[in-house]
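Peer 1: There's a structure below that I have some questions on.
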Amino acid sequence: MEFTITQSDRAVTLAVSGRLDTNTAPLLEKQINELPPETETLVLDLMALTYTSSAGLRVLLIAQKKMMRQGQLILRHVSPQVREVLDITGFSDILTIEE
Amino acid sequence: MSKKKLRYSLSFRVIASIILTILVFGMLTSLIGYVRFTASMTREYNSAALRTAETAATLVNSDHIGLYLDSGGQNPEYLLSLQRMQILCEKQNVSLIYVIQVDTTDYAHFTSVFNTVHPSSGYTPWEIGYVRETTNESYREIYRSLYSRETEYATITRTRDLNGAPPHTTSMIPLKGADGTVRALLCVQRPMEQLQHMRRAYLWMVAGVTVLLAVGTSVTYSLFIRRQLLHPLQQIRAESVRFAQENSRNEKPLSESISKIDEIRTLAQSITQMETETLNYMSNLQSITAEKERIGTELSVASMIQESSIPNLFPAFPERTEFDIYASMSPAKEVGGDFYDFYLIDDDHLALVIADVSGKGVPAALFMMVTKILLKERAMMGGTPAEILEFVNSRICDNNRADMFVTVWFGILEISTGKITAANAGHDDPAVFRSGQGYTLHSEKHGLVIGAMQGMRYRNFEIDLEPGDKLFLYTDGVPEATNAQNQMFTLEQMLQSLNQTTRSNPEETLRKIRGDVDQFVGDAPQFDDLTMLCLKFGSAD
């Protein structure tokens, strides 16, 4: 799994690629915890994300809770496989998903 | 290497090399000494003989030699000289002192003039006037050179062709008359015996000293090797063997002064240090192992608690013929986060639960127990599945520091009608079997997983079962079971397997699915918990 971070003004874009599972989810959690405190918009670009396990969902939940306090979280380019998991688990109801 | 061989080879080699070195050294010393000794002794010997000859020459009046011969020795002067010469011979301890007149025409004959013999030599003195042939060719040459005054003296050493005489040296000087011509030759013969005696004594001494030195050095060295090398090595070896067998600290550790040899001392210290470190390591390992065993025991007890917390005796309701139910749970680790549950809320209502906690192991198991208890306690108080899920979600969100969550499918079967009212908090859709249609997934809009977000609303939906219809609940461990080629079992394959069990009862159905999953996974390790529940509505025949 890899991250690409781009930062502009008060928005941070994190491009996540590969698999988000028990082994890799803590890495993403660390990235999110280390976001600059003034970040108002966090965009997770999931174009290259092929799989997410419940550990990955947990990190999305942590990100969502964190950004609800200081701005917003946007998921972008969600693949059909990941979208299916978000639908089953009901996460699509609470997350902002953009094309 | 065996003890015996070690001892043999080390001491044997060292001692053998010492003896060899000393022997070679001794032989070289003896040889050089022998040569030098012989040369200097011979020189000394000859010069002593020459001095005796010179002294004897003063006793003879050379000008009267012809007179002595003519008188046949009957001359007072001759007799006096002979007597004195005899005394000199005995005092000087030489074999012979004699004066000869050589026939100067061919030096092949000589006439004896004086002849004195040492009593112990065994010679018989020649009479005056006795004529004898020159016995040896080299003598003729020496006689000639002395008579012609080419040389002042001559020394001949004879060790062979002696005609029975012992080895000896003969020193010769010419006796000159008043006119300076050579009148006769005076010869002094000394036996070589003494020289040989002394030489032999010298050789014996050198050999004796060499042998003594070799023996002494070997003994000293072998004692040293035994005490400082072999004995310490044996101790170290014995200690190593003891440690390997007993794995314990030595009551009598290897002494610091085990040997005077630095290397051996260092070896002994290393052995002691190695033992200490090994023992430390072992005690560490023991405590780690004990800790692991303790955790293992706790986990197996936890596993028992978890298993016994969910209904696991089948048939679960032997007295109820309106439905048949079977369920199984196999955690990937000792304890798992998946669970199923079912219980009668009242005579006509059967609660059906399947749930999957995020994560695995002990944290998931703890979270599972909390969820399971909350669900059941709330369900027994009455209310719709949506209400129950909302309540439990709220309770869990109150204190969810670990940000864990659980997917729950919660249904209540009205046994009298076959109507299931259910709500889904983020769980996989169940498969429903209807006669003539086979298994299909029953898809409804999902609510959010439990524990994620406070204040979530859930929606009830209904599934109507006819007698003979079946409901199959599962966790994602079934469709996501993965084989060694990293391929998943998938929902499609799960439905295919299910559709081969249309005539089976719930227990047979679960065994079939489990068998197919196991066959698909093969030798790959099980990563996720595998939990299934199957309900057949209607009489169990």
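Simple scheme: letters A, B, ... for chains in structure tokens order, numbers from 1 for residues in each chain, numbers from 1 for ligands in the order shown.
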Show which residues sit within 9 Å of B:Ala53, as a tab-separated table (two decimals) with all heavy atoms, in the first residue's frame. Count only C-alpha atoms, and ignore same-chain residues fewer than 2 positions away.

Peer 2:
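File result29.tsv, as written:
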chain	number	residue	atom	x	y	z
B	48	ALA	N	104.50	-33.80	22.23
B	48	ALA	CA	105.10	-34.41	23.42
B	48	ALA	C	106.12	-35.48	23.01
B	48	ALA	O	107.22	-35.57	23.58
B	48	ALA	CB	104.00	-35.02	24.29
B	49	ALA	N	105.74	-36.28	21.99
B	49	ALA	CA	106.66	-37.33	21.50
B	49	ALA	C	107.94	-36.72	20.93
B	49	ALA	O	109.06	-37.21	21.16
B	49	ALA	CB	105.96	-38.16	20.42
B	50	LEU	N	107.73	-35.58	20.25
B	50	LEU	CA	108.89	-34.89	19.65
B	50	LEU	C	109.84	-34.38	20.73
B	50	LEU	O	111.05	-34.50	20.63
B	50	LEU	CB	108.38	-33.74	18.79
B	50	LEU	CG	109.35	-33.17	17.75
B	50	LEU	CD1	109.69	-34.26	16.72
B	50	LEU	CD2	108.74	-31.96	17.06
B	51	ARG	N	109.25	-33.83	21.80
B	51	ARG	CA	110.09	-33.32	22.89
B	51	ARG	C	110.87	-34.46	23.55
B	51	ARG	O	112.05	-34.33	23.85
B	51	ARG	CB	109.20	-32.60	23.93
B	51	ARG	CG	108.90	-31.15	23.56
B	51	ARG	CD	108.39	-30.38	24.74
B	51	ARG	NE	107.23	-31.00	25.38
B	51	ARG	CZ	106.00	-30.84	24.93
B	51	ARG	NH1	105.75	-30.11	23.86
B	51	ARG	NH2	105.01	-31.43	25.54
B	55	THR	N	114.86	-34.78	23.80
B	55	THR	CA	115.56	-35.06	25.05
B	55	THR	C	116.46	-36.29	24.90
B	55	THR	O	117.64	-36.30	25.30
B	55	THR	CB	114.54	-35.30	26.18
B	55	THR	OG1	113.61	-34.25	26.17
B	55	THR	CG2	115.22	-35.38	27.54
B	56	ALA	N	115.90	-37.35	24.26
B	56	ALA	CA	116.66	-38.59	24.08
B	56	ALA	C	117.90	-38.35	23.23
B	56	ALA	O	118.96	-38.96	23.46
B	56	ALA	CB	115.76	-39.65	23.43
B	57	ALA	N	117.76	-37.42	22.26
B	57	ALA	CA	118.89	-37.14	21.35
B	57	ALA	C	120.09	-36.60	22.12
B	57	ALA	O	121.24	-36.85	21.73
B	57	ALA	CB	118.42	-36.15	20.28
B	58	THR	N	119.83	-35.87	23.22
B	58	THR	CA	120.95	-35.31	23.99
B	58	THR	C	121.75	-36.41	24.70
B	58	THR	O	122.86	-36.18	25.19
B	58	THR	CB	120.44	-34.31	25.05
B	58	THR	OG1	119.57	-35.00	25.95
B	58	THR	CG2	119.71	-33.15	24.41
B	97	ILE	N	112.00	-46.13	22.54
B	97	ILE	CA	112.93	-45.10	22.07
B	97	ILE	C	114.06	-45.88	21.41
B	97	ILE	O	114.66	-46.77	22.04
B	97	ILE	CB	113.48	-44.22	23.21
B	97	ILE	CG1	112.33	-43.54	23.96
B	97	ILE	CG2	114.45	-43.17	22.64
B	97	ILE	CD1	112.81	-42.66	25.12
B	171	SER	N	107.60	-40.52	16.32
B	171	SER	CA	108.26	-39.25	15.98
B	171	SER	C	109.74	-39.53	15.72
B	171	SER	O	110.37	-40.28	16.48
B	171	SER	CB	108.14	-38.27	17.14
B	171	SER	OG	106.78	-37.95	17.34
B	172	MET	N	110.26	-38.92	14.67
B	172	MET	CA	111.67	-39.16	14.29
B	172	MET	C	112.40	-37.84	14.14
B	172	MET	O	111.85	-36.90	13.58
B	172	MET	CB	111.73	-39.88	12.93
B	172	MET	CG	111.02	-41.21	12.91
B	172	MET	SD	111.14	-41.93	11.27
B	172	MET	CE	110.06	-43.32	11.43
B	173	ILE	N	113.61	-37.84	14.68
B	173	ILE	CA	114.49	-36.67	14.42
B	173	ILE	C	115.86	-37.21	13.99
B	173	ILE	O	116.27	-38.31	14.41
B	173	ILE	CB	114.63	-35.74	15.65
B	173	ILE	CG1	115.15	-36.53	16.88
B	173	ILE	CG2	113.31	-35.07	15.98
B	173	ILE	CD1	115.58	-35.63	18.01
B	186	LEU	N	116.71	-40.90	15.46
B	186	LEU	CA	116.17	-41.28	16.76
B	186	LEU	C	114.66	-41.28	16.69
B	186	LEU	O	114.05	-40.31	16.23
B	186	LEU	CB	116.65	-40.30	17.83
B	186	LEU	CG	116.34	-40.75	19.27
B	186	LEU	CD1	117.48	-40.39	20.20
B	186	LEU	CD2	115.02	-40.20	19.78
B	187	CYS	N	114.08	-42.39	17.10
B	187	CYS	CA	112.62	-42.54	16.98
B	187	CYS	C	111.99	-42.77	18.33
B	187	CYS	O	112.54	-43.51	19.16
B	187	CYS	CB	112.27	-43.72	16.10
B	187	CYS	SG	113.15	-43.70	14.53
B	188	VAL	N	110.84	-42.13	18.54
B	188	VAL	CA	110.07	-42.35	19.78
B	188	VAL	C	108.66	-42.82	19.37
B	188	VAL	O	107.99	-42.16	18.58
B	188	VAL	CB	109.97	-41.06	20.61
B	188	VAL	CG1	109.05	-41.27	21.81
B	188	VAL	CG2	111.34	-40.62	21.07

Peer 1: Can you list, as number ranges by chain, every protein, DNA or RNA residue that comes within 10 Å of stretch 32-47 of chain A when you count only C-alpha atoms, leaving out same-chain residues fewer than 4 positions away?

Peer 2: A: 3-18, 26-28, 51, 59-60, 62-64, 66-80, 82, 96-99

Peer 1: Tell me which of B:Leu279, B:Leu473, B:Leu413, B:Leu230 sits closest to B:Leu350, counting only C-alpha atoms.

Peer 2: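 Of B:Leu279, B:Leu473, B:Leu413, B:Leu230, the one nearest B:Leu350, counting only C-alpha atoms, is B:Leu413.
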
Peer 1: For chain B against chain A, with a cut-off of 6 Å and counting only C-alpha atoms, what is the closest atom pair and its distance in Å to one decimal for every residue that makes the cut, ordered by chain and number, as a tab-separated table?

Peer 2:
residue	atom	partner	partner_atom	distance
B:Ser358	CA	A:Ser54	CA	5.2
B:Gly426	CA	A:Thr89	CA	3.3
B:His427	CA	A:Thr89	CA	5.9
B:His446	CA	A:Gly90	CA	5.3
B:Gly447	CA	A:Gly90	CA	4.8
B:Leu448	CA	A:Gly90	CA	3.8
B:Val449	CA	A:Thr89	CA	5.7

Peer 1: DSSP on the backbone: what in stretch 330-436 of chain B comes out strand (DSSP E or B), as a PyMOL selection string?

Peer 2: chain B and resi 330+338-346+349-357+406-414+419-425+431-434

Peer 1: Keeping only N, CA, C and O atoms, take the residues you just selected and write them out as a short mmCIF file (atom, residue, chain, number, x, y, z; two decimals), in the first residue's frame.

Peer 2:
data_model
loop_
_atom_site.label_atom_id
_atom_site.label_comp_id
_atom_site.auth_asym_id
_atom_site.auth_seq_id
_atom_site.Cartn_x
_atom_site.Cartn_y
_atom_site.Cartn_z
N SER B 330 -16.27 -21.26 13.89
CA SER B 330 -14.87 -21.69 14.07
C SER B 330 -13.97 -20.48 13.93
O SER B 330 -13.74 -19.99 12.84
N ASP B 338 -16.51 -13.30 15.54
CA ASP B 338 -17.80 -13.68 14.95
C ASP B 338 -18.68 -14.30 16.02
O ASP B 338 -18.18 -14.90 16.96
N PHE B 339 -19.95 -14.17 15.87
CA PHE B 339 -20.81 -15.02 16.68
C PHE B 339 -22.18 -15.16 16.04
O PHE B 339 -22.58 -14.35 15.21
N TYR B 340 -22.83 -16.26 16.41
CA TYR B 340 -24.24 -16.43 16.08
C TYR B 340 -24.97 -16.53 17.40
O TYR B 340 -24.36 -16.77 18.45
N ASP B 341 -26.26 -16.37 17.36
CA ASP B 341 -27.04 -16.54 18.58
C ASP B 341 -28.49 -16.79 18.18
O ASP B 341 -28.93 -16.35 17.09
N PHE B 342 -29.19 -17.52 18.97
CA PHE B 342 -30.64 -17.67 18.76
C PHE B 342 -31.28 -18.05 20.09
O PHE B 342 -30.64 -18.71 20.92
N TYR B 343 -32.48 -17.52 20.31
CA TYR B 343 -33.19 -17.82 21.56
C TYR B 343 -34.65 -17.46 21.38
O TYR B 343 -35.01 -16.62 20.54
N LEU B 344 -35.45 -18.13 22.15
CA LEU B 344 -36.90 -17.83 22.11
C LEU B 344 -37.16 -16.62 23.00
O LEU B 344 -36.81 -16.63 24.18
N ILE B 345 -37.75 -15.59 22.38
CA ILE B 345 -38.13 -14.41 23.17
C ILE B 345 -39.41 -14.73 23.96
O ILE B 345 -39.56 -14.41 25.11
N ASP B 346 -40.31 -15.36 23.24
CA ASP B 346 -41.47 -15.96 23.89
C ASP B 346 -41.82 -17.21 23.10
O ASP B 346 -41.07 -17.57 22.19
N HIS B 349 -41.88 -16.43 19.34
CA HIS B 349 -40.86 -15.57 18.70
C HIS B 349 -39.45 -16.09 18.95
O HIS B 349 -39.02 -16.23 20.10
N LEU B 350 -38.77 -16.35 17.84
CA LEU B 350 -37.38 -16.86 17.91
C LEU B 350 -36.44 -15.77 17.36
O LEU B 350 -36.61 -15.31 16.23
N ALA B 351 -35.49 -15.34 18.22
CA ALA B 351 -34.50 -14.35 17.76
C ALA B 351 -33.36 -15.06 17.05
O ALA B 351 -32.91 -16.12 17.49
N LEU B 352 -32.92 -14.48 15.93
CA LEU B 352 -31.81 -15.04 15.15
C LEU B 352 -30.76 -13.95 14.97
O LEU B 352 -31.07 -12.86 14.50
N VAL B 353 -29.54 -14.27 15.38
CA VAL B 353 -28.49 -13.24 15.31
C VAL B 353 -27.25 -13.82 14.62
O VAL B 353 -26.85 -14.94 14.90
N ILE B 354 -26.67 -13.01 13.74
CA ILE B 354 -25.31 -13.34 13.28
C ILE B 354 -24.56 -12.02 13.24
O ILE B 354 -25.12 -10.98 12.88
N ALA B 355 -23.31 -12.06 13.70
CA ALA B 355 -22.58 -10.80 13.83
C ALA B 355 -21.10 -11.02 13.59
O ALA B 355 -20.58 -12.13 13.74
N ASP B 356 -20.43 -9.93 13.23
CA ASP B 356 -18.99 -10.01 12.91
C ASP B 356 -18.32 -8.75 13.46
O ASP B 356 -18.58 -7.65 12.98
N VAL B 357 -17.46 -8.93 14.47
CA VAL B 357 -16.76 -7.78 15.04
C VAL B 357 -15.53 -7.48 14.19
O VAL B 357 -14.85 -8.40 13.72
N VAL B 406 -19.23 -3.58 15.01
CA VAL B 406 -19.67 -4.94 14.76
C VAL B 406 -20.84 -4.90 13.77
O VAL B 406 -21.71 -4.04 13.86
N THR B 407 -20.79 -5.80 12.78
CA THR B 407 -21.93 -5.90 11.85
C THR B 407 -22.91 -6.91 12.44
O THR B 407 -22.48 -7.96 12.92
N VAL B 408 -24.17 -6.56 12.44
CA VAL B 408 -25.18 -7.45 13.04
C VAL B 408 -26.37 -7.60 12.10
O VAL B 408 -26.90 -6.61 11.58
N TRP B 409 -26.74 -8.83 11.88
CA TRP B 409 -28.03 -9.09 11.23
C TRP B 409 -28.92 -9.65 12.32
O TRP B 409 -28.59 -10.67 12.93
N PHE B 410 -30.03 -8.97 12.62
CA PHE B 410 -30.88 -9.38 13.73
C PHE B 410 -32.29 -9.61 13.20
O PHE B 410 -32.90 -8.72 12.60
N GLY B 411 -32.80 -10.84 13.38
CA GLY B 411 -34.16 -11.16 12.90
C GLY B 411 -34.99 -11.81 13.99
O GLY B 411 -34.45 -12.46 14.89
N ILE B 412 -36.28 -11.61 13.91
CA ILE B 412 -37.20 -12.29 14.84
C ILE B 412 -38.23 -13.05 14.01
O ILE B 412 -38.94 -12.45 13.19
N LEU B 413 -38.23 -14.40 14.20
CA LEU B 413 -39.16 -15.25 13.46
C LEU B 413 -40.44 -15.40 14.28
O LEU B 413 -40.40 -15.73 15.46
N GLU B 414 -41.55 -15.10 13.60
CA GLU B 414 -42.85 -15.40 14.23
C GLU B 414 -43.17 -16.83 13.84
O GLU B 414 -43.48 -17.10 12.68
N LYS B 419 -43.15 -15.46 9.47
CA LYS B 419 -42.71 -14.10 9.09
C LYS B 419 -41.49 -13.70 9.91
O LYS B 419 -41.52 -13.76 11.13
N ILE B 420 -40.47 -13.31 9.19
CA ILE B 420 -39.27 -12.82 9.89
C ILE B 420 -39.25 -11.31 9.76
O ILE B 420 -39.35 -10.76 8.66
N THR B 421 -39.15 -10.64 10.91
CA THR B 421 -38.89 -9.20 10.90
C THR B 421 -37.41 -9.03 11.25
O THR B 421 -36.94 -9.61 12.22
N ALA B 422 -36.70 -8.27 10.40
CA ALA B 422 -35.25 -8.18 10.62
C ALA B 422 -34.74 -6.78 10.37
O ALA B 422 -35.41 -5.96 9.76
N ALA B 423 -33.57 -6.52 10.89
CA ALA B 423 -32.86 -5.28 10.59
C ALA B 423 -31.38 -5.64 10.40
O ALA B 423 -30.89 -6.58 11.03
N ASN B 424 -30.73 -4.88 9.52
CA ASN B 424 -29.35 -5.22 9.18
C ASN B 424 -28.42 -4.05 9.48
O ASN B 424 -28.54 -2.99 8.87
N ALA B 425 -27.50 -4.27 10.42
CA ALA B 425 -26.51 -3.23 10.72
C ALA B 425 -25.20 -3.61 10.05
O ALA B 425 -24.31 -4.19 10.66
N ALA B 431 -28.95 -15.64 2.67
CA ALA B 431 -29.47 -16.39 1.52
C ALA B 431 -30.76 -17.07 1.97
O ALA B 431 -30.82 -17.63 3.07
N VAL B 432 -31.76 -16.99 1.11
CA VAL B 432 -33.06 -17.58 1.47
C VAL B 432 -33.38 -18.66 0.45
O VAL B 432 -33.24 -18.45 -0.76
N PHE B 433 -33.78 -19.84 0.94
CA PHE B 433 -34.16 -20.93 0.06
C PHE B 433 -35.68 -21.02 -0.01
O PHE B 433 -36.35 -21.02 1.03
N ARG B 434 -36.19 -20.97 -1.24
CA ARG B 434 -37.63 -21.17 -1.42
C ARG B 434 -37.81 -22.33 -2.38
O ARG B 434 -37.05 -22.46 -3.35
#

Peer 1: Once DSSP has gone over the backbone, tell me which residues of stretch 38-182 of chain B are in helix (DSSP H, G or I), as a PyMOL selection string.

Peer 2: chain B and resi 38-57+62-71+76-92+137-147

Peer 1: Env of B:Ser120: 10 Å cut, atoms = only C-alpha atoms, seq-sep filter 4 positions within chain, self excluded. Answer as a VMD selection string.

Peer 2: chain B and resid 90 93 to 95

Peer 1: Since we have the selection now, will you write its residues out, keeping N, CA, C and O atoms, as a CSV table (one decimal), in the first residue's frame?

Peer 2:
chain,number,residue,atom,x,y,z
B,90,GLU,N,111.0,-45.2,30.2
B,90,GLU,CA,110.1,-45.5,31.3
B,90,GLU,C,109.4,-44.3,31.9
B,90,GLU,O,108.2,-44.3,32.2
B,93,ASN,N,107.0,-42.7,29.7
B,93,ASN,CA,105.9,-43.6,29.4
B,93,ASN,C,105.6,-43.7,27.9
B,93,ASN,O,104.4,-43.6,27.5
B,94,VAL,N,106.7,-43.9,27.2
B,94,VAL,CA,106.5,-44.2,25.7
B,94,VAL,C,106.9,-45.7,25.5
B,94,VAL,O,107.5,-46.3,26.3
B,95,SER,N,106.4,-46.2,24.4
B,95,SER,CA,106.6,-47.7,24.1
B,95,SER,C,108.1,-48.0,23.8
B,95,SER,O,108.6,-48.9,24.3

Peer 1: Pick the closest to B:Ala201 from B:Tyr34, B:Met329, B:Glu239, B:Tyr68: which is it, counting only C-alpha atoms?

Peer 2: B:Tyr34
